[in-house]
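Okay, input-v8.pdb now, which holds PDB, C-alpha atoms:
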MODEL        1
ATOM      1  CA  MET A   1     -10.453  58.922  23.490
ATOM      2  CA  LYS A   2     -13.625  56.866  23.369
ATOM      3  CA  GLU A   3     -16.692  58.640  24.621
ATOM      4  CA  GLN A   4     -18.418  56.713  27.371
ATOM      5  CA  ASN A   5     -21.909  55.680  26.367
ATOM      6  CA  ASN A   6     -23.920  54.818  29.424
ATOM      7  CA  ASP A   7     -26.912  53.649  27.386
ATOM      8  CA  PHE A   8     -27.887  50.100  28.171
ATOM      9  CA  PHE A   9     -30.982  49.963  26.017
ATOM     10  CA  LEU A  10     -31.097  50.356  22.280
ATOM     11  CA  LYS A  11     -31.519  53.974  21.204
ATOM     12  CA  ASP A  12     -31.761  55.183  17.651
ATOM     13  CA  ARG A  13     -30.718  58.776  18.263
ATOM     14  CA  LEU A  14     -27.156  59.752  19.126
ATOM     15  CA  VAL A  15     -25.825  62.926  20.711
ATOM     16  CA  GLU A  16     -22.969  65.114  19.557
ATOM     17  CA  ALA A  17     -20.543  63.706  22.100
ATOM     18  CA  GLN A  18     -20.894  60.257  20.571
ATOM     19  CA  ILE A  19     -20.109  61.280  17.002
ATOM     20  CA  ARG A  20     -17.585  64.017  17.571
ATOM     21  CA  LYS A  21     -14.934  62.047  15.725
ATOM     22  CA  PHE A  22     -16.808  62.614  12.465
ATOM     23  CA  MET A  23     -16.919  66.405  12.807
ATOM     24  CA  LEU A  24     -13.840  67.523  10.952
ATOM     25  CA  PHE A  25     -14.460  71.193  10.227
ATOM     26  CA  GLU A  26     -14.423  74.335  12.294
ATOM     27  CA  ASN A  27     -17.838  75.762  13.176
ATOM     28  CA  GLU A  28     -19.457  72.460  12.283
ATOM     29  CA  ASP A  29     -22.766  71.934  14.067
ATOM     30  CA  LEU A  30     -24.665  68.701  14.398
ATOM     31  CA  ILE A  31     -28.097  68.600  12.790
ATOM     32  CA  PHE A  32     -28.931  64.994  13.602
ATOM     33  CA  ALA A  33     -27.260  61.630  14.190
ATOM     34  CA  THR A  34     -29.540  58.648  13.974
ATOM     35  CA  ARG A  35     -29.648  54.923  13.512
ATOM     36  CA  GLU A  36     -32.362  52.905  11.826
ATOM     37  CA  HIS A  37     -35.644  52.773  13.763
ATOM     38  CA  LEU A  38     -35.943  49.884  16.237
ATOM     39  CA  LEU A  39     -39.017  48.351  14.618
ATOM     40  CA  PRO A  40     -37.367  46.940  11.441
ATOM     41  CA  LEU A  41     -34.573  45.559  13.633
ATOM     42  CA  LEU A  42     -37.078  43.862  15.943
ATOM     43  CA  VAL A  43     -38.955  42.392  12.974
ATOM     44  CA  ARG A  44     -35.719  40.946  11.591
ATOM     45  CA  LEU A  45     -34.712  39.543  14.990
ATOM     46  CA  ILE A  46     -38.111  37.936  15.564
ATOM     47  CA  ARG A  47     -38.118  36.474  12.065
ATOM     48  CA  SER A  48     -34.626  34.981  12.384
ATOM     49  CA  SER A  49     -35.402  33.622  15.884
ATOM     50  CA  PHE A  50     -38.589  31.997  14.625
ATOM     51  CA  LEU A  51     -36.787  30.472  11.636
ATOM     52  CA  SER A  52     -33.946  29.117  13.733
ATOM     53  CA  LEU A  53     -36.342  27.628  16.326
ATOM     54  CA  VAL A  54     -38.474  25.989  13.643
ATOM     55  CA  SER A  55     -35.401  24.591  11.834
ATOM     56  CA  ALA A  56     -33.930  23.368  15.125
ATOM     57  CA  SER A  57     -37.189  21.626  16.054
ATOM     58  CA  VAL A  58     -37.551  19.975  12.657
ATOM     59  CA  ILE A  59     -33.953  18.731  12.603
ATOM     60  CA  ALA A  60     -34.171  17.482  16.197
ATOM     61  CA  GLY A  61     -37.444  15.705  15.405
ATOM     62  CA  VAL A  62     -36.019  14.008  12.324
ATOM     63  CA  LEU A  63     -32.903  12.866  14.182
ATOM     64  CA  MET A  64     -34.981  11.572  17.073
ATOM     65  CA  ALA A  65     -37.134   9.581  14.651
ATOM     66  CA  LEU A  66     -34.102   8.163  12.792
ATOM     67  CA  PHE A  67     -31.675   7.422  15.605
ATOM     68  CA  GLY A  68     -33.748   7.511  18.772
ATOM     69  CA  SER A  69     -30.985   9.430  20.527
ATOM     70  CA  ILE A  70     -32.105  12.239  22.836
ATOM     71  CA  THR A  71     -28.525  13.512  23.259
ATOM     72  CA  LEU A  72     -27.986  13.849  19.525
ATOM     73  CA  SER A  73     -31.353  15.524  18.932
ATOM     74  CA  LEU A  74     -30.886  17.952  21.782
ATOM     75  CA  SER A  75     -27.345  18.764  20.632
ATOM     76  CA  PHE A  76     -28.551  19.591  17.146
ATOM     77  CA  PHE A  77     -31.405  21.651  18.537
ATOM     78  CA  LEU A  78     -29.016  23.688  20.649
ATOM     79  CA  LEU A  79     -26.506  23.985  17.802
ATOM     80  CA  VAL A  80     -29.033  25.438  15.373
ATOM     81  CA  THR A  81     -30.330  27.775  18.100
ATOM     82  CA  LEU A  82     -26.747  28.909  18.721
ATOM     83  CA  ILE A  83     -26.283  29.643  15.024
ATOM     84  CA  GLY A  84     -29.497  31.673  15.067
ATOM     85  CA  GLY A  85     -28.261  33.557  18.127
ATOM     86  CA  THR A  86     -24.969  34.365  16.425
ATOM     87  CA  ALA A  87     -26.816  35.738  13.401
ATOM     88  CA  ALA A  88     -29.018  37.863  15.696
ATOM     89  CA  ILE A  89     -25.987  39.299  17.499
ATOM     90  CA  ARG A  90     -24.377  40.129  14.156
ATOM     91  CA  ASP A  91     -27.572  41.974  13.178
ATOM     92  CA  LEU A  92     -27.530  43.919  16.452
ATOM     93  CA  ILE A  93     -23.918  44.970  15.974
ATOM     94  CA  HIS A  94     -24.642  45.989  12.400
ATOM     95  CA  TRP A  95     -27.599  48.074  13.623
ATOM     96  CA  SER A  96     -25.456  49.706  16.316
ATOM     97  CA  PHE A  97     -22.808  50.769  13.816
ATOM     98  CA  HIS A  98     -25.122  51.805  10.952
ATOM     99  CA  ILE A  99     -25.448  55.522  11.573
ATOM    100  CA  TYR A 100     -26.560  58.529   9.554
ATOM    101  CA  ILE A 101     -24.987  61.812  10.596
ATOM    102  CA  ALA A 102     -25.837  65.243   9.224
ATOM    103  CA  THR A 103     -23.913  68.332  10.195
ATOM    104  CA  SER A 104     -23.822  71.838   8.835
ATOM    105  CA  LYS A 105     -20.960  70.789   6.551
ATOM    106  CA  GLN A 106     -21.550  67.182   5.523
ATOM    107  CA  ILE A 107     -23.814  64.160   5.489
ATOM    108  CA  ILE A 108     -22.223  60.870   6.522
ATOM    109  CA  GLU A 109     -23.339  57.265   6.450
ATOM    110  CA  VAL A 110     -21.379  54.815   8.588
ATOM    111  CA  HIS A 111     -21.976  51.182   7.816
ATOM    112  CA  TYR A 112     -20.267  48.249   9.535
ATOM    113  CA  SER A 113     -20.973  44.533   9.696
ATOM    114  CA  PRO A 114     -18.435  42.543  11.737
ATOM    115  CA  LEU A 115     -16.083  40.457   9.637
ATOM    116  CA  LEU A 116     -18.102  41.232   6.518
ATOM    117  CA  SER A 117     -18.152  44.862   5.477
ATOM    118  CA  GLU A 118     -17.206  48.380   6.483
ATOM    119  CA  ALA A 119     -18.012  51.677   4.770
ATOM    120  CA  VAL A 120     -18.024  55.363   5.598
ATOM    121  CA  ASN A 121     -19.699  57.539   2.943
ATOM    122  CA  SER A 122     -19.503  61.291   3.249
ATOM    123  CA  VAL A 123     -21.056  64.038   1.108
ATOM    124  CA  LEU A 124     -19.802  67.595   1.557
ATOM    125  CA  LEU A 125     -22.754  69.956   1.469
ATOM    126  CA  ASP A 126     -20.880  72.876  -0.025
ATOM    127  CA  GLN A 127     -19.608  70.756  -2.915
ATOM    128  CA  ILE A 128     -22.956  69.502  -4.156
ATOM    129  CA  ARG A 129     -26.203  70.879  -5.350
ATOM    130  CA  CYS A 130     -29.196  69.062  -3.956
ATOM    131  CA  THR A 131     -32.046  68.979  -6.442
ATOM    132  CA  GLU A 132     -34.560  66.853  -4.529
ATOM    133  CA  ILE A 133     -35.376  65.804  -1.005
ATOM    134  CA  ASP A 134     -38.050  63.095  -0.951
ATOM    135  CA  VAL A 135     -39.753  61.435   2.000
ATOM    136  CA  GLU A 136     -41.174  57.913   1.634
ATOM    137  CA  MET A 137     -43.361  56.071   4.110
ATOM    138  CA  TYR A 138     -44.883  52.817   2.931
ATOM    139  CA  GLY A 139     -47.236  50.660   4.974
ATOM    140  CA  PHE A 140     -49.789  51.116   7.714
ATOM    141  CA  ILE A 141     -47.457  50.600  10.671
ATOM    142  CA  PRO A 142     -44.601  52.757   9.332
ATOM    143  CA  GLU A 143     -47.134  55.515   8.611
ATOM    144  CA  LEU A 144     -48.562  55.165  12.116
ATOM    145  CA  LEU A 145     -45.187  55.141  13.853
ATOM    146  CA  GLY A 146     -43.530  57.673  11.585
ATOM    147  CA  ILE A 147     -40.880  55.436  10.018
ATOM    148  CA  GLY A 148     -39.644  56.068   6.522
ATOM    149  CA  ASN A 149     -36.858  56.953   4.127
ATOM    150  CA  VAL A 150     -35.405  60.297   3.148
ATOM    151  CA  GLU A 151     -33.916  60.420  -0.335
ATOM    152  CA  LEU A 152     -31.561  63.172  -1.370
ATOM    153  CA  THR A 153     -30.878  63.554  -5.073
ATOM    154  CA  PHE A 154     -27.899  65.517  -6.286
ATOM    155  CA  ASP A 155     -27.296  67.167  -9.586
ATOM    156  CA  ARG A 156     -23.901  65.616 -10.139
ATOM    157  CA  PRO A 157     -22.553  62.071  -9.864
ATOM    158  CA  THR A 158     -21.639  62.004  -6.219
ATOM    159  CA  HIS A 159     -22.518  59.117  -3.953
ATOM    160  CA  LYS A 160     -24.232  57.500  -6.913
ATOM    161  CA  GLU A 161     -26.407  60.629  -7.341
ATOM    162  CA  GLU A 162     -28.666  59.628  -4.449
ATOM    163  CA  PHE A 163     -28.203  59.552  -0.710
ATOM    164  CA  VAL A 164     -30.883  57.457   0.955
ATOM    165  CA  ILE A 165     -31.471  57.552   4.711
ATOM    166  CA  ARG A 166     -33.486  54.391   5.321
ATOM    167  CA  ASP A 167     -36.022  53.399   7.986
ATOM    168  CA  ILE A 168     -35.546  56.316  10.328
ATOM    169  CA  ARG A 169     -37.844  57.890  12.854
ATOM    170  CA  SER A 170     -39.654  61.118  11.863
ATOM    171  CA  PRO A 171     -38.420  61.298   8.262
ATOM    172  CA  ARG A 172     -40.473  64.432   7.546
ATOM    173  CA  LYS A 173     -38.748  66.306  10.348
ATOM    174  CA  ILE A 174     -35.331  65.055   9.213
ATOM    175  CA  ALA A 175     -36.105  66.100   5.642
ATOM    176  CA  SER A 176     -37.104  69.597   6.718
ATOM    177  CA  LEU A 177     -33.953  69.932   8.850
ATOM    178  CA  LEU A 178     -31.831  68.827   5.903
ATOM    179  CA  SER A 179     -33.686  71.083   3.506
ATOM    180  CA  GLY A 180     -33.140  74.047   5.778
ATOM    181  CA  GLN A 181     -29.451  73.304   6.122
ATOM    182  CA  ILE A 182     -28.777  72.505   2.466
ATOM    183  CA  HIS A 183     -30.500  75.641   1.225
ATOM    184  CA  GLN A 184     -28.691  77.674   3.823
ATOM    185  CA  SER A 185     -25.159  76.483   3.083
ATOM    186  CA  PRO A 186     -23.271  78.000   0.160
ATOM    187  CA  GLN A 187     -23.630  75.469  -2.604
ATOM    188  CA  VAL A 188     -21.751  75.052  -5.844
ATOM    189  CA  VAL A 189     -23.381  77.302  -8.411
ATOM    190  CA  SER A 190     -22.438  77.807 -11.990
ATOM    191  CA  GLN A 191     -19.882  80.564 -12.218
ATOM    192  CA  PRO A 192     -20.758  83.202 -14.818
ATOM    193  CA  SER A 193     -18.413  82.578 -17.672
ATOM    194  CA  THR A 194     -15.846  85.225 -18.279
ATOM    195  CA  LEU A 195     -17.120  87.297 -21.141
ATOM    196  CA  LEU A 196     -14.672  86.955 -23.998
ATOM    197  CA  TRP A 197     -16.770  88.271 -26.872
ATOM    198  CA  THR A 198     -19.458  90.892 -26.975
ATOM    199  CA  ARG A 199     -21.916  91.830 -29.666
ATOM    200  CA  GLY A 200     -20.750  94.978 -31.330
ATOM    201  CA  ASP A 201     -23.069  97.833 -32.214
ATOM    202  CA  GLU A 202     -22.538  97.837 -35.949
ATOM    203  CA  ASN A 203     -23.617  94.916 -38.108
ATOM    204  CA  ASN A 204     -24.110  92.607 -35.074
ATOM    205  CA  LYS A 205     -20.553  91.478 -35.282
ATOM    206  CA  TYR A 206     -18.792  90.122 -32.241
ATOM    207  CA  LYS A 207     -15.838  92.017 -30.816
ATOM    208  CA  PHE A 208     -13.078  90.394 -28.795
ATOM    209  CA  ILE A 209     -12.820  92.237 -25.488
ATOM    210  CA  GLY A 210     -10.511  90.177 -23.347
ATOM    211  CA  ASP A 211      -8.837  86.944 -22.468
ATOM    212  CA  SER A 212      -9.761  84.228 -20.005
ATOM    213  CA  LYS A 213      -7.579  83.461 -17.015
ATOM    214  CA  TYR A 214      -6.624  80.113 -18.476
ATOM    215  CA  GLY A 215      -3.619  81.062 -20.546
ATOM    216  CA  TYR A 216      -4.860  84.623 -21.195
ATOM    217  CA  THR A 217      -5.536  87.750 -19.206
ATOM    218  CA  VAL A 218      -9.006  89.189 -18.708
ATOM    219  CA  GLY A 219      -9.471  92.450 -20.575
TER     220      GLY A 219
ATOM    221  CA  MET B   1     -27.449  -7.657   7.602
ATOM    222  CA  ASP B   2     -28.637  -6.380  10.936
ATOM    223  CA  THR B   3     -25.043  -5.958  12.026
ATOM    224  CA  LEU B   4     -24.238  -4.041   8.841
ATOM    225  CA  LEU B   5     -27.211  -1.717   9.388
ATOM    226  CA  ALA B   6     -26.244  -1.200  13.032
ATOM    227  CA  ASN B   7     -22.688  -0.375  11.971
ATOM    228  CA  VAL B   8     -23.867   2.112   9.348
ATOM    229  CA  ILE B   9     -26.133   3.826  11.857
ATOM    230  CA  SER B  10     -23.296   3.915  14.352
ATOM    231  CA  ILE B  11     -20.953   5.523  11.799
ATOM    232  CA  ILE B  12     -23.548   8.095  10.805
ATOM    233  CA  LYS B  13     -24.194   8.907  14.445
ATOM    234  CA  PHE B  14     -20.463   9.337  15.109
ATOM    235  CA  SER B  15     -20.166  11.595  12.038
ATOM    236  CA  LEU B  16     -23.029  13.742  13.239
ATOM    237  CA  GLU B  17     -21.495  14.027  16.685
ATOM    238  CA  THR B  18     -18.172  15.066  15.166
ATOM    239  CA  PHE B  19     -19.995  17.547  12.949
ATOM    240  CA  ILE B  20     -21.673  19.047  16.032
ATOM    241  CA  VAL B  21     -18.355  19.504  17.825
ATOM    242  CA  ILE B  22     -16.609  20.989  14.783
ATOM    243  CA  THR B  23     -19.506  23.387  14.110
ATOM    244  CA  ALA B  24     -19.591  24.425  17.757
ATOM    245  CA  SER B  25     -15.850  25.194  17.568
ATOM    246  CA  ILE B  26     -16.357  27.274  14.445
ATOM    247  CA  ILE B  27     -19.201  29.197  16.099
ATOM    248  CA  LEU B  28     -17.037  29.871  19.136
ATOM    249  CA  VAL B  29     -14.166  31.153  16.993
ATOM    250  CA  PHE B  30     -16.572  33.269  14.940
ATOM    251  CA  ASN B  31     -18.132  34.782  18.071
ATOM    252  CA  TYR B  32     -14.686  35.543  19.456
ATOM    253  CA  PHE B  33     -13.580  37.354  16.311
ATOM    254  CA  GLN B  34     -16.935  39.096  16.013
ATOM    255  CA  ALA B  35     -16.550  40.467  19.541
ATOM    256  CA  LYS B  36     -12.952  41.450  18.883
ATOM    257  CA  GLU B  37     -13.850  43.270  15.667
ATOM    258  CA  ALA B  38     -16.764  45.030  17.355
ATOM    259  CA  ARG B  39     -14.449  46.336  20.112
ATOM    260  CA  LYS B  40     -11.941  47.432  17.476
ATOM    261  CA  MET B  41     -14.659  49.311  15.629
ATOM    262  CA  GLU B  42     -15.789  50.939  18.877
ATOM    263  CA  ARG B  43     -12.291  52.360  19.334
ATOM    264  CA  LYS B  44     -11.955  53.302  15.674
ATOM    265  CA  LEU B  45     -15.287  55.107  15.338
ATOM    266  CA  ASN B  46     -15.435  56.320  18.947
ATOM    267  CA  ILE B  47     -18.977  54.989  19.213
ATOM    268  CA  SER B  48     -19.806  52.595  22.034
ATOM    269  CA  LEU B  49     -22.089  49.652  21.565
ATOM    270  CA  PRO B  50     -25.220  49.844  23.725
ATOM    271  CA  GLY B  51     -24.786  47.975  26.993
ATOM    272  CA  SER B  52     -27.405  45.382  26.097
ATOM    273  CA  VAL B  53     -25.587  44.517  22.856
ATOM    274  CA  SER B  54     -22.248  44.165  24.673
ATOM    275  CA  LEU B  55     -23.927  41.965  27.252
ATOM    276  CA  ALA B  56     -25.550  39.812  24.560
ATOM    277  CA  LEU B  57     -22.176  39.492  22.825
ATOM    278  CA  ASN B  58     -20.460  38.264  25.986
ATOM    279  CA  VAL B  59     -23.324  35.934  26.896
ATOM    280  CA  GLN B  60     -23.269  34.446  23.394
ATOM    281  CA  MET B  61     -19.538  33.752  23.675
ATOM    282  CA  ILE B  62     -19.954  32.094  27.066
ATOM    283  CA  LEU B  63     -22.890  30.019  25.842
ATOM    284  CA  SER B  64     -21.007  28.821  22.770
ATOM    285  CA  LEU B  65     -18.036  27.854  24.947
ATOM    286  CA  LEU B  66     -20.286  25.996  27.395
ATOM    287  CA  PHE B  67     -22.048  24.246  24.547
ATOM    288  CA  LEU B  68     -18.741  23.074  23.067
ATOM    289  CA  ILE B  69     -17.580  21.691  26.411
ATOM    290  CA  ALA B  70     -20.949  20.034  27.066
ATOM    291  CA  ALA B  71     -21.008  18.547  23.544
ATOM    292  CA  LEU B  72     -17.525  17.088  24.002
ATOM    293  CA  ILE B  73     -18.438  15.586  27.371
ATOM    294  CA  PHE B  74     -21.889  14.207  26.575
ATOM    295  CA  LEU B  75     -21.240  13.046  23.031
ATOM    296  CA  PHE B  76     -17.803  11.525  23.386
ATOM    297  CA  LEU B  77     -17.037  10.901  27.034
ATOM    298  CA  ILE B  78     -20.345   9.753  28.483
TER     299      ILE B  78
ENDMDL
END
structure tokens encoding of this file:
Amino acid sequence: MKEQNNDFFLKDRLVEAQIRKFMLFENEDLIFATREHLLPLLVRLIRSSFLSLVSASVIAGVLMALFGSITLSLSFFLLVTLIGGTAAIRDLIHWSFHIYIATSKQIIEVHYSPLLSEAVNSVLLDQIRCTEIDVEMYGFIPELLGIGNVELTFDRPTHKEEFVIRDIRSPRKIASLLSGQIHQSPQVVSQPSTLLWTRGDENNKYKFIGDSKYGYTVG
Amino acid sequence: MDTLLANVISIIKFSLETFIVITASIILVFNYFQAKEARKMERKLNISLPGSVSLALNVQMILSLLFLIAALIFLFLI
């Protein structure tokens, strides 16, 4: 059953009720669920609006000069503006469905662009070993507003060895939450190999003391 | 010569008007499917679109429909 979201305005943080569908395990707690910060979205929307208005004006001006028809010029102006509006809506929908979710058991990235692409990437925290958690904040305004990326590097080829959470609010806080959770959860560690041979006392020769569980029995 | 030039301009103008109507139809169809896919994804992921995005989606569809109707009327009928 779809959770009712009464939010009218754009919000980058989500609550547990909104992402419950992604919590698959027992005793799984939400650490954070966030979208990209609003600022990069606004910059993209303003840029695409400006471009579409400029293109529409230029095309309308050229057509007016060539044909002298107000109807034709105005139609082209409105057409190009409509195309720009469609692109902006697509960007908004993509932003709404691009979510990073971290729970006590997994980290998930949901990525959807209507009619173009769809992806859900999930990393199980107890199946990986996280070697690095990096925070990046480039630029004056991102530094001022606290917008940046969190990069998680794993020690094995999972999710292309890196999980990047891009353009989110308070990346330092997110990184410390993730660090706390990852170091807390039981991670994959190298199992001590079953000792098959041991150095004997006389002449440093090795003595066979048992068999491994793979085809043999442990001594 | 003047007649030929007038005819060429007339043909080009008619082509552009047809292009406008066809493009407007494509935009309308695209907006419809975009809205439909967004609703489908809402149900699938159990995440609702913010109200402002839903409103913008519906307004965009209505505007593209109105534009198509207006283009047909003003370019071909009037």
ask   = Can you list, as a count of residues only, the residues that the ChimeraX specification (/A :<10) & /B selects here?
value = 50
Edge lengths and centre in Å, axis-aligned, range 39-51 of chain B plus 8 Å each side, as AutoDock Vina command-line options:
--center_x -18.6 --center_y 51.3 --center_z 21.2 --size_x 29.3 --size_y 26.0 --size_z 27.7
Counting all atoms listed in the file, select every polymer residue within 7 Å of (-22.1, 64.8, 10.6) as defined in the file's coordinates, and provide the selection as a PDB file with C-alpha atoms, in the frame of the given file.
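The resulting selection_35.pdb:
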ATOM      1  CA  PHE A  22     -16.808  62.614  12.465  1.00  0.00           C
ATOM      2  CA  MET A  23     -16.919  66.405  12.807  1.00  0.00           C
ATOM      3  CA  LEU A  30     -24.665  68.701  14.398  1.00  0.00           C
ATOM      4  CA  ILE A 101     -24.987  61.812  10.596  1.00  0.00           C
ATOM      5  CA  ALA A 102     -25.837  65.243   9.224  1.00  0.00           C
ATOM      6  CA  THR A 103     -23.913  68.332  10.195  1.00  0.00           C
ATOM      7  CA  GLN A 106     -21.550  67.182   5.523  1.00  0.00           C
ATOM      8  CA  ILE A 107     -23.814  64.160   5.489  1.00  0.00           C
ATOM      9  CA  ILE A 108     -22.223  60.870   6.522  1.00  0.00           C
TER      10      ILE A 108
END
Across A:Gln127, A:Ser117, A:Thr81, A:Ser104, the smallest distance to Ser179 in chain A, with only C-alpha atoms counted, is shown by A:Ser104
inquiry  = Between A:Val120, A:Leu38, A:Ala175, A:Ile46, which residue has the minimum interatomic distance to Leu145 in chain A, considering all atoms listed in the file?
reply    =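 Closest candidate: A:Leu38.
If you count only C-alpha atoms and ignore residues fewer than 2 places along the chain from Val150 in chain A, what sits within 10 Å of it is Ile133, Asp134, Val135, Glu136, Met137, Gly148, Leu152, Thr153, Phe163, Val164, Ile165, Arg166, Asp167, Ile168, Ser170, Pro171, Arg172, Lys173, Ile174, Ala175 and Leu178 of chain A.
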For the selection just defined, write its residues with C-alpha atoms to a file, as an mmCIF file, in the coordinates of the input.
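Output contents, as saved in part17.cif:
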data_model
loop_
_atom_site.group_PDB
_atom_site.id
_atom_site.type_symbol
_atom_site.label_atom_id
_atom_site.label_comp_id
_atom_site.auth_asym_id
_atom_site.auth_seq_id
_atom_site.Cartn_x
_atom_site.Cartn_y
_atom_site.Cartn_z
ATOM 1 C CA ILE A 133 -35.376 65.804 -1.005
ATOM 2 C CA ASP A 134 -38.050 63.095 -0.951
ATOM 3 C CA VAL A 135 -39.753 61.435 2.000
ATOM 4 C CA GLU A 136 -41.174 57.913 1.634
ATOM 5 C CA MET A 137 -43.361 56.071 4.110
ATOM 6 C CA GLY A 148 -39.644 56.068 6.522
ATOM 7 C CA LEU A 152 -31.561 63.172 -1.370
ATOM 8 C CA THR A 153 -30.878 63.554 -5.073
ATOM 9 C CA PHE A 163 -28.203 59.552 -0.710
ATOM 10 C CA VAL A 164 -30.883 57.457 0.955
ATOM 11 C CA ILE A 165 -31.471 57.552 4.711
ATOM 12 C CA ARG A 166 -33.486 54.391 5.321
ATOM 13 C CA ASP A 167 -36.022 53.399 7.986
ATOM 14 C CA ILE A 168 -35.546 56.316 10.328
ATOM 15 C CA SER A 170 -39.654 61.118 11.863
ATOM 16 C CA PRO A 171 -38.420 61.298 8.262
ATOM 17 C CA ARG A 172 -40.473 64.432 7.546
ATOM 18 C CA LYS A 173 -38.748 66.306 10.348
ATOM 19 C CA ILE A 174 -35.331 65.055 9.213
ATOM 20 C CA ALA A 175 -36.105 66.100 5.642
ATOM 21 C CA LEU A 178 -31.831 68.827 5.903
#
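Here CA of Leu77 in chain B and CA of Ser15 in chain B stand 15.3 Å from one another.
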Since the input lacks atoms, please generate all heavy atoms for range 20-26 of chain B and provide them as a PDB file, in the frame of the given file.
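Generated output (selection.pdb):
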ATOM      1  N   ILE B  20     -21.173  18.119  14.998  1.00  0.00           N
ATOM      2  CA  ILE B  20     -21.673  19.047  16.032  1.00  0.00           C
ATOM      3  C   ILE B  20     -20.503  19.728  16.724  1.00  0.00           C
ATOM      4  O   ILE B  20     -20.487  20.955  16.910  1.00  0.00           O
ATOM      5  CB  ILE B  20     -22.550  18.299  17.061  1.00  0.00           C
ATOM      6  CG1 ILE B  20     -23.907  17.948  16.443  1.00  0.00           C
ATOM      7  CG2 ILE B  20     -22.775  19.156  18.301  1.00  0.00           C
ATOM      8  CD1 ILE B  20     -24.741  17.035  17.305  1.00  0.00           C
ATOM      9  N   VAL B  21     -19.502  18.944  17.091  1.00  0.00           N
ATOM     10  CA  VAL B  21     -18.355  19.504  17.825  1.00  0.00           C
ATOM     11  C   VAL B  21     -17.576  20.487  16.943  1.00  0.00           C
ATOM     12  O   VAL B  21     -17.204  21.574  17.392  1.00  0.00           O
ATOM     13  CB  VAL B  21     -17.446  18.362  18.342  1.00  0.00           C
ATOM     14  CG1 VAL B  21     -16.140  18.910  18.862  1.00  0.00           C
ATOM     15  CG2 VAL B  21     -18.163  17.575  19.424  1.00  0.00           C
ATOM     16  N   ILE B  22     -17.354  20.099  15.690  1.00  0.00           N
ATOM     17  CA  ILE B  22     -16.609  20.989  14.783  1.00  0.00           C
ATOM     18  C   ILE B  22     -17.373  22.292  14.556  1.00  0.00           C
ATOM     19  O   ILE B  22     -16.801  23.387  14.593  1.00  0.00           O
ATOM     20  CB  ILE B  22     -16.315  20.280  13.441  1.00  0.00           C
ATOM     21  CG1 ILE B  22     -15.321  19.153  13.661  1.00  0.00           C
ATOM     22  CG2 ILE B  22     -15.786  21.265  12.414  1.00  0.00           C
ATOM     23  CD1 ILE B  22     -15.123  18.255  12.476  1.00  0.00           C
ATOM     24  N   THR B  23     -18.678  22.189  14.333  1.00  0.00           N
ATOM     25  CA  THR B  23     -19.506  23.387  14.110  1.00  0.00           C
ATOM     26  C   THR B  23     -19.520  24.278  15.350  1.00  0.00           C
ATOM     27  O   THR B  23     -19.452  25.509  15.233  1.00  0.00           O
ATOM     28  CB  THR B  23     -20.945  22.996  13.732  1.00  0.00           C
ATOM     29  OG1 THR B  23     -20.908  22.021  12.706  1.00  0.00           O
ATOM     30  CG2 THR B  23     -21.737  24.193  13.246  1.00  0.00           C
ATOM     31  N   ALA B  24     -19.606  23.648  16.518  1.00  0.00           N
ATOM     32  CA  ALA B  24     -19.591  24.425  17.757  1.00  0.00           C
ATOM     33  C   ALA B  24     -18.267  25.172  17.905  1.00  0.00           C
ATOM     34  O   ALA B  24     -18.239  26.326  18.349  1.00  0.00           O
ATOM     35  CB  ALA B  24     -19.824  23.512  18.965  1.00  0.00           C
ATOM     36  N   SER B  25     -17.165  24.534  17.512  1.00  0.00           N
ATOM     37  CA  SER B  25     -15.850  25.194  17.568  1.00  0.00           C
ATOM     38  C   SER B  25     -15.811  26.387  16.618  1.00  0.00           C
ATOM     39  O   SER B  25     -15.316  27.463  16.975  1.00  0.00           O
ATOM     40  CB  SER B  25     -14.732  24.232  17.180  1.00  0.00           C
ATOM     41  OG  SER B  25     -14.864  23.008  17.833  1.00  0.00           O
ATOM     42  N   ILE B  26     -16.345  26.178  15.424  1.00  0.00           N
ATOM     43  CA  ILE B  26     -16.357  27.274  14.445  1.00  0.00           C
ATOM     44  C   ILE B  26     -17.196  28.442  14.963  1.00  0.00           C
ATOM     45  O   ILE B  26     -16.807  29.612  14.839  1.00  0.00           O
ATOM     46  CB  ILE B  26     -16.891  26.776  13.079  1.00  0.00           C
ATOM     47  CG1 ILE B  26     -15.896  25.795  12.454  1.00  0.00           C
ATOM     48  CG2 ILE B  26     -17.149  27.929  12.126  1.00  0.00           C
ATOM     49  CD1 ILE B  26     -16.427  25.034  11.264  1.00  0.00           C
TER      50      ILE B  26
END
